[in-house]
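**Student:** For reference, the file final_38.pdb (PDB, C-alpha atoms and all ligand atoms) is included below:
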ATOM      1  CA  MET A  12     122.815  66.771  90.610
ATOM      2  CA  SER A  13     125.060  66.590  93.662
ATOM      3  CA  MET A  14     124.006  65.313  97.088
ATOM      4  CA  LEU A  15     121.683  67.709  98.890
ATOM      5  CA  ILE A  16     122.692  68.328 102.494
ATOM      6  CA  ASN A  17     119.325  68.631 104.193
ATOM      7  CA  GLY A  18     119.599  70.854 107.261
ATOM      8  CA  LYS A  19     115.876  70.908 107.881
ATOM      9  CA  GLU A  20     115.670  67.128 108.199
ATOM     10  CA  THR A  21     118.904  66.886 110.216
ATOM     11  CA  SER A  22     117.803  69.609 112.634
ATOM     12  CA  LYS A  23     114.486  67.783 113.140
ATOM     13  CA  LYS A  24     116.422  64.633 114.074
ATOM     14  CA  ILE A  25     118.601  66.556 116.527
ATOM     15  CA  LYS A  26     115.546  68.169 118.102
ATOM     16  CA  GLU A  27     113.966  64.717 118.572
ATOM     17  CA  GLU A  28     117.185  63.515 120.246
ATOM     18  CA  LEU A  29     117.197  66.573 122.534
ATOM     19  CA  LYS A  30     113.528  66.074 123.393
ATOM     20  CA  ASN A  31     114.371  62.546 124.606
ATOM     21  CA  GLN A  32     117.274  63.895 126.659
ATOM     22  CA  VAL A  33     115.026  66.495 128.308
ATOM     23  CA  THR A  34     112.429  63.807 129.110
ATOM     24  CA  ASP A  35     115.197  61.737 130.754
ATOM     25  CA  MET A  36     116.329  64.781 132.757
ATOM     26  CA  ILE A  37     112.826  65.431 134.078
ATOM     27  CA  GLU A  38     112.402  61.742 134.955
ATOM     28  CA  ALA A  39     115.685  61.926 136.867
ATOM     29  CA  GLY A  40     114.227  64.775 138.947
ATOM     30  CA  MET A  41     116.094  67.644 137.265
ATOM     31  CA  GLU A  42     114.574  70.983 136.345
ATOM     32  CA  ALA A  43     113.669  71.624 132.716
ATOM     33  CA  PRO A  44     116.418  73.509 130.842
ATOM     34  CA  THR A  45     115.543  77.202 130.856
ATOM     35  CA  LEU A  46     116.591  79.770 128.257
ATOM     36  CA  ALA A  47     116.118  83.523 128.664
ATOM     37  CA  VAL A  48     115.597  85.130 125.252
ATOM     38  CA  VAL A  49     116.182  88.883 125.237
ATOM     39  CA  LEU A  50     115.022  91.021 122.324
ATOM     40  CA  VAL A  51     115.460  94.789 122.339
ATOM     41  CA  GLY A  52     113.552  96.884 119.786
ATOM     42  CA  ASP A  53     111.328  95.827 116.938
ATOM     43  CA  ASP A  54     113.600  94.696 114.111
ATOM     44  CA  PRO A  55     111.291  92.432 112.054
ATOM     45  CA  ALA A  56     114.008  89.919 111.096
ATOM     46  CA  SER A  57     115.050  89.567 114.758
ATOM     47  CA  GLN A  58     111.432  88.997 115.743
ATOM     48  CA  VAL A  59     111.203  86.154 113.212
ATOM     49  CA  TYR A  60     114.451  84.569 114.486
ATOM     50  CA  VAL A  61     113.382  84.872 118.127
ATOM     51  CA  ASN A  62     110.013  83.273 117.370
ATOM     52  CA  HIS A  63     111.771  80.328 115.675
ATOM     53  CA  LYS A  64     113.977  79.951 118.757
ATOM     54  CA  LYS A  65     110.995  80.011 121.130
ATOM     55  CA  LYS A  66     109.164  77.427 119.001
ATOM     56  CA  GLY A  67     112.264  75.208 118.976
ATOM     57  CA  CYS A  68     112.430  75.423 122.772
ATOM     58  CA  ALA A  69     108.779  74.440 123.131
ATOM     59  CA  PHE A  70     109.262  71.404 120.871
ATOM     60  CA  VAL A  71     112.251  70.110 122.832
ATOM     61  CA  GLY A  72     110.784  70.845 126.295
ATOM     62  CA  ILE A  73     113.044  73.773 127.099
ATOM     63  CA  ARG A  74     111.335  76.501 129.124
ATOM     64  CA  SER A  75     111.844  79.841 127.388
ATOM     65  CA  LEU A  76     111.507  83.152 129.186
ATOM     66  CA  ALA A  77     110.860  85.991 126.754
ATOM     67  CA  TYR A  78     112.125  89.502 127.559
ATOM     68  CA  GLU A  79     110.863  91.825 124.848
ATOM     69  CA  MET A  80     112.086  95.324 125.573
ATOM     70  CA  PRO A  81     111.351  98.592 123.753
ATOM     71  CA  GLU A  82     113.815 100.256 121.356
ATOM     72  CA  THR A  83     114.281 103.019 123.963
ATOM     73  CA  THR A  84     115.712 100.610 126.574
ATOM     74  CA  SER A  85     118.947 102.031 127.987
ATOM     75  CA  GLU A  86     122.207 100.111 128.090
ATOM     76  CA  GLU A  87     122.041 100.272 131.879
ATOM     77  CA  GLU A  88     118.574  98.696 131.976
ATOM     78  CA  LEU A  89     119.707  95.880 129.692
ATOM     79  CA  LEU A  90     122.847  95.277 131.784
ATOM     80  CA  GLU A  91     120.692  95.164 134.928
ATOM     81  CA  LEU A  92     118.493  92.486 133.363
ATOM     82  CA  ILE A  93     121.547  90.450 132.380
ATOM     83  CA  ASP A  94     122.929  90.673 135.939
ATOM     84  CA  GLU A  95     119.616  89.422 137.280
ATOM     85  CA  LEU A  96     119.561  86.511 134.784
ATOM     86  CA  ASN A  97     123.194  85.672 135.592
ATOM     87  CA  GLU A  98     122.247  85.357 139.277
ATOM     88  CA  ARG A  99     119.101  83.263 138.799
ATOM     89  CA  GLN A 100     119.720  79.575 139.565
ATOM     90  CA  ASP A 101     116.734  78.536 137.447
ATOM     91  CA  VAL A 102     118.101  80.155 134.245
ATOM     92  CA  HIS A 103     120.637  78.025 132.375
ATOM     93  CA  GLY A 104     121.064  79.958 129.146
ATOM     94  CA  ILE A 105     120.939  83.642 128.165
ATOM     95  CA  LEU A 106     120.530  84.797 124.598
ATOM     96  CA  VAL A 107     120.557  88.455 123.594
ATOM     97  CA  GLN A 108     119.363  88.739 120.011
ATOM     98  CA  LEU A 109     121.650  90.816 117.794
ATOM     99  CA  PRO A 110     121.804  93.428 116.382
ATOM    100  CA  LEU A 111     121.078  95.715 119.336
ATOM    101  CA  PRO A 112     119.864  99.320 118.894
ATOM    102  CA  ARG A 113     122.748 101.665 118.029
ATOM    103  CA  HIS A 114     122.828 103.408 121.416
ATOM    104  CA  ILE A 115     123.721 100.114 123.150
ATOM    105  CA  ASP A 116     127.322  98.852 123.132
ATOM    106  CA  GLU A 117     127.050  95.273 121.875
ATOM    107  CA  GLU A 118     130.494  94.275 123.137
ATOM    108  CA  LYS A 119     129.723  95.477 126.648
ATOM    109  CA  VAL A 120     126.472  93.493 126.669
ATOM    110  CA  LEU A 121     128.081  90.268 125.417
ATOM    111  CA  LEU A 122     130.841  90.655 128.026
ATOM    112  CA  ALA A 123     128.224  90.983 130.776
ATOM    113  CA  ILE A 124     126.705  87.545 130.109
ATOM    114  CA  ASP A 125     128.005  84.786 132.406
ATOM    115  CA  PRO A 126     130.212  82.692 130.055
ATOM    116  CA  LEU A 127     128.708  79.538 131.620
ATOM    117  CA  LYS A 128     125.250  80.670 130.437
ATOM    118  CA  ASP A 129     126.442  82.022 127.074
ATOM    119  CA  VAL A 130     124.642  79.468 124.880
ATOM    120  CA  ASP A 131     125.349  81.618 121.778
ATOM    121  CA  GLY A 132     129.110  81.207 122.357
ATOM    122  CA  PHE A 133     129.746  84.920 121.711
ATOM    123  CA  HIS A 134     131.511  85.815 125.001
ATOM    124  CA  PRO A 135     135.276  86.366 124.502
ATOM    125  CA  PHE A 136     135.904  83.644 127.120
ATOM    126  CA  ASN A 137     134.157  81.091 124.905
ATOM    127  CA  VAL A 138     135.662  82.494 121.689
ATOM    128  CA  GLY A 139     139.148  82.240 123.208
ATOM    129  CA  SER A 140     138.469  78.778 124.634
ATOM    130  CA  LEU A 141     137.419  77.578 121.186
ATOM    131  CA  SER A 142     140.648  78.819 119.634
ATOM    132  CA  ILE A 143     142.819  76.917 122.127
ATOM    133  CA  GLY A 144     140.718  73.759 121.993
ATOM    134  CA  ARG A 145     139.132  73.968 125.466
ATOM    135  CA  GLU A 146     135.623  72.665 126.053
ATOM    136  CA  CYS A 147     133.233  75.614 125.750
ATOM    137  CA  PHE A 148     129.985  76.863 124.256
ATOM    138  CA  LYS A 149     130.538  77.014 120.518
ATOM    139  CA  SER A 150     128.698  79.533 118.404
ATOM    140  CA  CYS A 151     125.679  77.912 116.853
ATOM    141  CA  THR A 152     125.903  78.482 113.085
ATOM    142  CA  PRO A 153     129.457  77.126 112.726
ATOM    143  CA  ALA A 154     128.706  74.279 115.154
ATOM    144  CA  GLY A 155     125.721  73.442 112.929
ATOM    145  CA  ILE A 156     127.978  73.273 109.861
ATOM    146  CA  ILE A 157     130.363  70.823 111.578
ATOM    147  CA  GLU A 158     127.392  68.712 112.706
ATOM    148  CA  LEU A 159     126.071  68.568 109.120
ATOM    149  CA  LEU A 160     129.475  67.550 107.716
ATOM    150  CA  LYS A 161     129.784  64.802 110.346
ATOM    151  CA  ARG A 162     126.270  63.441 109.988
ATOM    152  CA  TYR A 163     126.686  63.291 106.191
ATOM    153  CA  GLU A 164     130.093  61.604 106.702
ATOM    154  CA  LEU A 165     131.924  64.283 104.747
ATOM    155  CA  ASP A 166     135.535  64.071 105.951
ATOM    156  CA  ILE A 167     137.270  67.220 107.149
ATOM    157  CA  GLU A 168     140.668  65.790 108.091
ATOM    158  CA  GLY A 169     143.397  66.840 105.654
ATOM    159  CA  LYS A 170     140.883  68.633 103.425
ATOM    160  CA  ASN A 171     141.511  72.022 101.930
ATOM    161  CA  CYS A 172     138.842  74.195 103.617
ATOM    162  CA  VAL A 173     138.271  77.679 102.207
ATOM    163  CA  ILE A 174     136.069  80.089 104.153
ATOM    164  CA  VAL A 175     134.836  83.236 102.439
ATOM    165  CA  GLY A 176     133.995  85.795 105.149
ATOM    166  CA  ARG A 177     135.736  86.668 108.409
ATOM    167  CA  SER A 178     132.878  87.633 110.743
ATOM    168  CA  ASN A 179     133.039  86.966 114.476
ATOM    169  CA  ILE A 180     129.780  84.976 114.279
ATOM    170  CA  VAL A 181     130.678  82.637 111.379
ATOM    171  CA  GLY A 182     133.966  83.074 109.472
ATOM    172  CA  LYS A 183     136.378  83.115 112.412
ATOM    173  CA  PRO A 184     134.735  80.433 114.584
ATOM    174  CA  ILE A 185     134.128  78.008 111.676
ATOM    175  CA  SER A 186     137.826  78.324 110.821
ATOM    176  CA  MET A 187     138.789  77.308 114.367
ATOM    177  CA  MET A 188     136.333  74.399 114.350
ATOM    178  CA  LEU A 189     137.537  73.063 110.972
ATOM    179  CA  LEU A 190     141.121  73.410 112.186
ATOM    180  CA  ALA A 191     140.252  71.425 115.322
ATOM    181  CA  GLU A 192     138.970  68.695 112.964
ATOM    182  CA  ASN A 193     142.380  68.704 111.218
ATOM    183  CA  GLY A 194     141.289  70.594 108.121
ATOM    184  CA  THR A 195     143.730  72.905 106.325
ATOM    185  CA  ILE A 196     142.265  76.396 106.552
ATOM    186  CA  THR A 197     142.241  79.439 104.277
ATOM    187  CA  ILE A 198     140.171  82.475 105.309
ATOM    188  CA  CYS A 199     139.235  84.835 102.476
ATOM    189  CA  HIS A 200     137.710  88.308 102.622
ATOM    190  CA  SER A 201     137.107  91.429 100.539
ATOM    191  CA  ARG A 202     140.846  92.126 100.126
ATOM    192  CA  THR A 203     141.803  88.594  99.095
ATOM    193  CA  LYS A 204     143.648  88.493  95.774
ATOM    194  CA  ASP A 205     142.410  86.026  93.145
ATOM    195  CA  LEU A 206     139.405  84.949  95.226
ATOM    196  CA  LYS A 207     138.142  82.701  92.422
ATOM    197  CA  GLY A 208     141.480  80.915  92.197
ATOM    198  CA  VAL A 209     141.668  80.370  95.966
ATOM    199  CA  CYS A 210     138.075  79.102  96.165
ATOM    200  CA  LYS A 211     138.621  76.797  93.206
ATOM    201  CA  LYS A 212     141.222  74.880  95.248
ATOM    202  CA  ALA A 213     138.743  74.138  98.055
ATOM    203  CA  ASP A 214     137.626  70.612  98.911
ATOM    204  CA  ILE A 215     135.195  72.237 101.355
ATOM    205  CA  LEU A 216     134.003  75.735 100.461
ATOM    206  CA  ILE A 217     132.124  77.789 103.073
ATOM    207  CA  ALA A 218     130.341  80.898 101.791
ATOM    208  CA  ALA A 219     129.558  83.410 104.557
ATOM    209  CA  ILE A 220     129.720  86.713 102.732
ATOM    210  CA  GLY A 221     126.202  88.145 102.732
ATOM    211  CA  ARG A 222     125.991  88.725  98.959
ATOM    212  CA  ALA A 223     123.255  86.968  97.007
ATOM    213  CA  LYS A 224     124.441  84.258  94.583
ATOM    214  CA  MET A 225     128.026  85.556  94.493
ATOM    215  CA  ILE A 226     129.611  82.101  94.390
ATOM    216  CA  ASN A 227     128.989  80.586  90.966
ATOM    217  CA  ARG A 228     130.680  77.643  89.226
ATOM    218  CA  ASP A 229     133.785  79.745  88.456
ATOM    219  CA  TYR A 230     134.614  79.522  92.185
ATOM    220  CA  VAL A 231     133.953  75.815  92.680
ATOM    221  CA  LYS A 232     136.154  72.786  92.016
ATOM    222  CA  GLU A 233     134.488  69.709  90.574
ATOM    223  CA  GLY A 234     133.577  67.411  93.488
ATOM    224  CA  ALA A 235     133.819  70.084  96.210
ATOM    225  CA  VAL A 236     131.502  70.228  99.228
ATOM    226  CA  VAL A 237     129.742  73.604  99.220
ATOM    227  CA  ILE A 238     128.230  75.060 102.406
ATOM    228  CA  ASP A 239     126.100  78.179 102.005
ATOM    229  CA  VAL A 240     125.668  80.313 105.125
ATOM    230  CA  GLY A 241     124.074  83.293 103.334
ATOM    231  CA  ILE A 242     120.475  84.351 103.896
ATOM    232  CA  ASN A 243     119.633  87.108 101.410
ATOM    233  CA  ARG A 244     116.210  88.378 100.463
ATOM    234  CA  LEU A 245     115.727  89.023  96.745
ATOM    235  CA  ASP A 246     113.512  91.794  95.340
ATOM    236  CA  ASN A 247     110.799  89.207  94.662
ATOM    237  CA  GLY A 248     110.715  88.404  98.400
ATOM    238  CA  LYS A 249     112.364  84.976  98.014
ATOM    239  CA  LEU A 250     115.317  83.895 100.149
ATOM    240  CA  CYS A 251     118.580  82.904  98.531
ATOM    241  CA  GLY A 252     122.085  82.109  99.666
ATOM    242  CA  ASP A 253     125.546  83.430  98.815
ATOM    243  CA  VAL A 254     125.901  80.532  96.372
ATOM    244  CA  ASP A 255     124.235  80.432  92.966
ATOM    245  CA  PHE A 256     122.690  77.042  93.713
ATOM    246  CA  ASP A 257     121.451  76.225  90.194
ATOM    247  CA  ASP A 258     124.807  77.090  88.649
ATOM    248  CA  VAL A 259     126.854  75.068  91.173
ATOM    249  CA  LYS A 260     124.650  72.068  91.949
ATOM    250  CA  ASP A 261     125.923  69.895  89.105
ATOM    251  CA  ILE A 262     129.619  70.242  89.846
ATOM    252  CA  ALA A 263     129.653  70.014  93.662
ATOM    253  CA  GLU A 264     129.789  66.630  95.403
ATOM    254  CA  ALA A 265     127.383  67.918  98.038
ATOM    255  CA  ILE A 266     125.680  71.255  98.657
ATOM    256  CA  THR A 267     123.404  72.929 101.234
ATOM    257  CA  PRO A 268     120.259  74.660  99.970
ATOM    258  CA  VAL A 269     118.884  78.025 101.169
ATOM    259  CA  PRO A 270     116.463  77.869 102.860
ATOM    260  CA  GLY A 271     116.637  74.466 104.572
ATOM    261  CA  GLY A 272     120.423  74.088 104.852
ATOM    262  CA  VAL A 273     122.546  75.729 107.525
ATOM    263  CA  GLY A 274     119.731  77.960 108.908
ATOM    264  CA  PRO A 275     117.721  75.340 110.798
ATOM    265  CA  MET A 276     120.943  73.873 112.213
ATOM    266  CA  THR A 277     121.707  77.135 114.043
ATOM    267  CA  ILE A 278     118.600  76.744 116.179
ATOM    268  CA  ALA A 279     119.208  73.030 116.757
ATOM    269  CA  MET A 280     122.706  73.842 118.088
ATOM    270  CA  LEU A 281     121.329  76.601 120.335
ATOM    271  CA  LEU A 282     118.872  74.112 121.836
ATOM    272  CA  LYS A 283     121.688  71.587 122.252
ATOM    273  CA  ASN A 284     123.782  74.178 124.110
ATOM    274  CA  CYS A 285     120.807  74.914 126.415
ATOM    275  CA  VAL A 286     120.408  71.241 127.301
ATOM    276  CA  ILE A 287     124.166  70.881 127.945
ATOM    277  CA  SER A 288     124.110  74.007 130.135
ATOM    278  CA  ALA A 289     121.100  72.827 132.154
ATOM    279  CA  LYS A 290     122.805  69.478 132.820
ATOM    280  CA  LYS A 291     126.070  71.167 133.852
ATOM    281  CA  HIS A 292     124.321  73.613 136.180
ATOM    282  CA  GLN A 293     122.471  70.796 137.939
ATOM    283  CA  GLU A 294     125.277  68.240 138.224
TER     284      GLU A 294
HETATM  285  N1  LIG A 301     121.686  87.640 115.135
HETATM  286  C1  LIG A 301     121.980  86.978 113.993
HETATM  287  N2  LIG A 301     122.379  85.726 114.289
HETATM  288  C2  LIG A 301     122.349  85.598 115.619
HETATM  289  C3  LIG A 301     122.643  84.542 116.534
HETATM  290  O1  LIG A 301     123.040  83.436 116.162
HETATM  291  N3  LIG A 301     122.456  84.823 117.844
HETATM  292  C4  LIG A 301     122.038  86.019 118.287
HETATM  293  N4  LIG A 301     121.916  86.206 119.598
HETATM  294  N5  LIG A 301     121.761  87.030 117.485
HETATM  295  C5  LIG A 301     121.908  86.813 116.157
END
Once more with this new file: its structure as structure tokens, please.
**Tutor:**
Amino acid sequence: MSMLINGKETSKKIKEELKNQVTDMIEAGMEAPTLAVVLVGDDPASQVYVNHKKKGCAFVGIRSLAYEMPETTSEEELLELIDELNERQDVHGILVQLPLPRHIDEEKVLLAIDPLKDVDGFHPFNVGSLSIGRECFKSCTPAGIIELLKRYELDIEGKNCVIVGRSNIVGKPISMMLLAENGTITICHSRTKDLKGVCKKADILIAAIGRAKMINRDYVKEGAVVIDVGINRLDNGKLCGDVDFDDVKDIAEAITPVPGGVGPMTIAMLLKNCVISAKKHQE
């Protein structure tokens, strides 16, 4: 059995660290970090995610303001709310849960968020800043992966990093972050030729495809570090990743489980971004 990279435990540690930082801020006379969480419609998965985020905020001492809007909300109404939140001095972070209902243009909404309050790191200003190595809000799932690799002392520098998936939320930003850590990057996708062969060369393999158990031992080099970003629900109701954990666990050096791997780190990084934003806005 390879080393288990425990995201649940690591995220708990980070949340404890953030809680101490918030206590110090309050003692220094600053306002509590405040996150506006905007949810439009009644997608059950989004409701679960948003509840986890609100609970995380409460634990750390971040004030969360919940805006739960009906499915019928117009794009204009949502943009008005974002303008109002952008203007408010007492709001340090704005999160609009995705996906949005189909009649709302997601890109327009993300562009409307003040980049200095964009704790999700989805605004093109932050995406661009990341790619040229400027300080910025980094999107939370990939930032969580880097944090896990660092805390488990798994070197990135000079390593052959293969990312399967090219989404704006994970595949592209994790590539930029691994590159910034001096990894050698290959991004794979549905048109990649000889995917197995490419993956098999990876020292660090990141699976962010969205297909249950697709990555089995045929894709994994002996001694590789395997990071599973997938969250798939099986017919029996259980969650599983993009990696066939039982098939891979004996050949990898280290591996993240699902659940309890990358997932909890996403929220920890969101909370971290909120604390950073609150400090910056009050300095
Ligand atoms: N939907 C799925 N993942 C995310 C995320 O990290 N942030 C937001 N805002 N929406 C999401």
**Student:** In terms of the shortest atom-to-atom distance over only C-alpha atoms and all ligand atoms, which of A:Glu79, A:Asp129, A:Asp116, A:Asp35 is closest to ligand LIG 301 (chain A)?
**Tutor:** A:Asp129
**Student:** My list of candidates is A:Met187, A:Val254, A:Leu281, A:Val273. Which is closest to ligand LIG 301 (chain A) when distances are computed with all atoms listed in the file?
**Tutor:**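 For ligand LIG 301 (chain A), the nearest of the candidates is A:Leu281.
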**Student:** Could you give me, as a Markdown table, a per-residue list for chain A showing, wherever an atom lies at most 10 Å from an atom of ligand LIG 301 (chain A), the closest pair of atoms and their distance in Å to one decimal, using all atoms listed in the file and sorting by chain then residue number from low to high?
**Tutor:**
| residue | atom | partner | partner_atom | distance |
| --- | --- | --- | --- | --- |
| A:Val48 | CA | A:LIG301 | N4 | 8.5 |
| A:Val49 | CA | A:LIG301 | N4 | 8.5 |
| A:Leu50 | CA | A:LIG301 | N4 | 8.8 |
| A:Ala56 | CA | A:LIG301 | N1 | 9.0 |
| A:Ser57 | CA | A:LIG301 | N1 | 6.9 |
| A:Tyr60 | CA | A:LIG301 | N1 | 7.9 |
| A:Val61 | CA | A:LIG301 | N5 | 8.7 |
| A:Lys64 | CA | A:LIG301 | N3 | 9.8 |
| A:Ile105 | CA | A:LIG301 | N4 | 9.0 |
| A:Leu106 | CA | A:LIG301 | N4 | 5.4 |
| A:Val107 | CA | A:LIG301 | N4 | 4.8 |
| A:Gln108 | CA | A:LIG301 | N4 | 3.6 |
| A:Leu109 | CA | A:LIG301 | N5 | 3.8 |
| A:Pro110 | CA | A:LIG301 | N1 | 5.9 |
| A:Leu111 | CA | A:LIG301 | N5 | 8.9 |
| A:Leu121 | CA | A:LIG301 | N4 | 9.4 |
| A:Asp129 | CA | A:LIG301 | N4 | 9.7 |
| A:Val130 | CA | A:LIG301 | N4 | 9.0 |
| A:Asp131 | CA | A:LIG301 | N3 | 5.8 |
| A:Gly132 | CA | A:LIG301 | N3 | 8.8 |
| A:Phe133 | CA | A:LIG301 | N4 | 8.2 |
| A:Ser150 | CA | A:LIG301 | O1 | 7.2 |
| A:Cys151 | CA | A:LIG301 | O1 | 6.2 |
| A:Thr152 | CA | A:LIG301 | O1 | 6.5 |
| A:Pro153 | CA | A:LIG301 | O1 | 9.6 |
| A:Ile180 | CA | A:LIG301 | O1 | 7.2 |
| A:Val181 | CA | A:LIG301 | O1 | 9.0 |
| A:Gly274 | CA | A:LIG301 | O1 | 9.7 |
| A:Thr277 | CA | A:LIG301 | O1 | 6.8 |
| A:Ile278 | CA | A:LIG301 | O1 | 8.0 |
| A:Met280 | CA | A:LIG301 | O1 | 9.8 |
| A:Leu281 | CA | A:LIG301 | O1 | 8.2 |
**Student:** Write out the residues from the selection above, keeping C-alpha atoms, as a PDB file, in the coordinates of the input.
**Tutor:**
ATOM      1  CA  VAL A  48     115.597  85.130 125.252  1.00  0.00           C
ATOM      2  CA  VAL A  49     116.182  88.883 125.237  1.00  0.00           C
ATOM      3  CA  LEU A  50     115.022  91.021 122.324  1.00  0.00           C
ATOM      4  CA  ALA A  56     114.008  89.919 111.096  1.00  0.00           C
ATOM      5  CA  SER A  57     115.050  89.567 114.758  1.00  0.00           C
ATOM      6  CA  TYR A  60     114.451  84.569 114.486  1.00  0.00           C
ATOM      7  CA  VAL A  61     113.382  84.872 118.127  1.00  0.00           C
ATOM      8  CA  LYS A  64     113.977  79.951 118.757  1.00  0.00           C
ATOM      9  CA  ILE A 105     120.939  83.642 128.165  1.00  0.00           C
ATOM     10  CA  LEU A 106     120.530  84.797 124.598  1.00  0.00           C
ATOM     11  CA  VAL A 107     120.557  88.455 123.594  1.00  0.00           C
ATOM     12  CA  GLN A 108     119.363  88.739 120.011  1.00  0.00           C
ATOM     13  CA  LEU A 109     121.650  90.816 117.794  1.00  0.00           C
ATOM     14  CA  PRO A 110     121.804  93.428 116.382  1.00  0.00           C
ATOM     15  CA  LEU A 111     121.078  95.715 119.336  1.00  0.00           C
ATOM     16  CA  LEU A 121     128.081  90.268 125.417  1.00  0.00           C
ATOM     17  CA  ASP A 129     126.442  82.022 127.074  1.00  0.00           C
ATOM     18  CA  VAL A 130     124.642  79.468 124.880  1.00  0.00           C
ATOM     19  CA  ASP A 131     125.349  81.618 121.778  1.00  0.00           C
ATOM     20  CA  GLY A 132     129.110  81.207 122.357  1.00  0.00           C
ATOM     21  CA  PHE A 133     129.746  84.920 121.711  1.00  0.00           C
ATOM     22  CA  SER A 150     128.698  79.533 118.404  1.00  0.00           C
ATOM     23  CA  CYS A 151     125.679  77.912 116.853  1.00  0.00           C
ATOM     24  CA  THR A 152     125.903  78.482 113.085  1.00  0.00           C
ATOM     25  CA  PRO A 153     129.457  77.126 112.726  1.00  0.00           C
ATOM     26  CA  ILE A 180     129.780  84.976 114.279  1.00  0.00           C
ATOM     27  CA  VAL A 181     130.678  82.637 111.379  1.00  0.00           C
ATOM     28  CA  GLY A 274     119.731  77.960 108.908  1.00  0.00           C
ATOM     29  CA  THR A 277     121.707  77.135 114.043  1.00  0.00           C
ATOM     30  CA  ILE A 278     118.600  76.744 116.179  1.00  0.00           C
ATOM     31  CA  MET A 280     122.706  73.842 118.088  1.00  0.00           C
ATOM     32  CA  LEU A 281     121.329  76.601 120.335  1.00  0.00           C
TER      33      LEU A 281
END
**Student:** Using only C-alpha atoms, what residues lie at most 9 Å away from (129.5, 73.7, 99.3) (file coordinates), given as a PyMOL selection string?
**Tutor:** chain A and resi 214-218+231+235-239+254+259-260+263-267
**Student:** Report as a PyMOL selection string the residues that result from applying the PyMOL selection byres (((chain A and resi 171) around 7) and not hetatm) to the structure here.
**Tutor:** chain A and resi 169-170+172-173+194-196+213-215
**Student:** Which protein, DNA or RNA residues are at most 9 Å from (134.1, 83.2, 126.8) in the file's coordinates when you count only C-alpha atoms, listed as number ranges by chain?
**Tutor:** A: 122, 125-127, 129, 132-141, 147-148
**Student:** Determine, using only C-alpha atoms, which residues of region 58-105 of chain A have any atom at most 9 Å from an atom of region 29-32 of chain A, and tabulate each with its shortest atom pair and distance in Å to one decimal place, rows ordered by chain and then rising number, as a Markdown table.
**Tutor:**
| residue | atom | partner | partner_atom | distance |
| --- | --- | --- | --- | --- |
| A:Phe70 | CA | A:Lys30 | CA | 7.3 |
| A:Val71 | CA | A:Lys30 | CA | 4.3 |
| A:Gly72 | CA | A:Lys30 | CA | 6.2 |
| A:Ile73 | CA | A:Lys30 | CA | 8.6 |
**Student:** Using only C-alpha atoms for the distances, tell me which of A:Glu146, A:Ile220, A:Gly234, A:Met276 is nearest to Gly252 (chain A).
**Tutor:**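 Comparing A:Glu146, A:Ile220, A:Gly234, A:Met276 against Gly252 (chain A), the winner is A:Ile220.
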**Student:** Distance CA of Cys251 (chain A)-CA of Cys210 (chain A), one decimal place?
**Tutor:**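 Atom-to-atom, CA of Cys251 (chain A) to CA of Cys210 (chain A), that is 20.0 Å.
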**Student:** For Lys283 (chain A), which of A:Cys68, A:Leu250, A:Met14, A:Ile115 is the closest residue, counting all atoms listed in the file?
**Tutor:**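 Distance minimum relative to Lys283 (chain A) lands on A:Cys68.
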**Student:** CA of Ser142 (chain A) and CA of Pro184 (chain A), how far apart in Å?
**Tutor:**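 Separation between CA of Pro184 (chain A) and CA of Ser142 (chain A): 7.9 Å.
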**Student:** What does the distance between CA of Val175 (chain A) and CA of Lys128 (chain A) come to in Å, to one decimal place?
**Tutor:**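 Separation between CA of Val175 (chain A) and CA of Lys128 (chain A): 29.7 Å.
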**Student:** Which of these residues is nearest to Val51 (chain A), using only C-alpha atoms: A:Thr203, A:Thr84, A:Thr34, A:Ser22?
**Tutor:**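 Using only C-alpha atoms, Val51 (chain A) sits closest to A:Thr84.
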**Student:** Can you list what the PyMOL selection byres (((chain A and resi 18) around 7) and not hetatm) grabs from this structure, as a VMD selection string?
**Tutor:** chain A and resid 16 to 17 19 to 22 271 to 273 275 to 276
**Student:** May I ask which of the residues A:Ile198, A:Leu89, A:Val102, A:Ala39 is the closest one to Ser288 (chain A), counting only C-alpha atoms?
**Tutor:**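 Between A:Ile198, A:Leu89, A:Val102, A:Ala39, the residue approaching Ser288 (chain A) most closely is A:Val102.
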**Student:** With a distance cut-off of 12 Å and all atoms listed in the file, select the neighbouring residues of Ser85 (chain A), excluding the residue or stretch itself and same-chain residues fewer than 3 positions from it, and output the selection as a list in words.
**Tutor:**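 Residues near the query, excluding close chain neighbours: Val51, Gly52, Met80, Pro81, Glu82, Glu88, Leu89, Leu90, Glu91, Leu92, Leu111, Pro112, Arg113, His114, Ile115, Asp116 and Val120 of chain A.
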**Student:** Identify all residues satisfying the PyMOL selection byres (((chain A and resi 242-247) around 8) and not hetatm) in the given file; provide them as a count of residues only.
**Tutor:** 13
**Student:** Taking all atoms of region 259-273 of chain A that the file lists, what box with edges along x, y and z, padded by 3 Å per side, do you get, with centre and edge lengths in Å to one decimal, as AutoDock Vina command-line options?
**Tutor:**
--center_x 123.1 --center_y 72.3 --center_z 98.3 --size_x 19.3 --size_y 17.4 --size_z 24.4
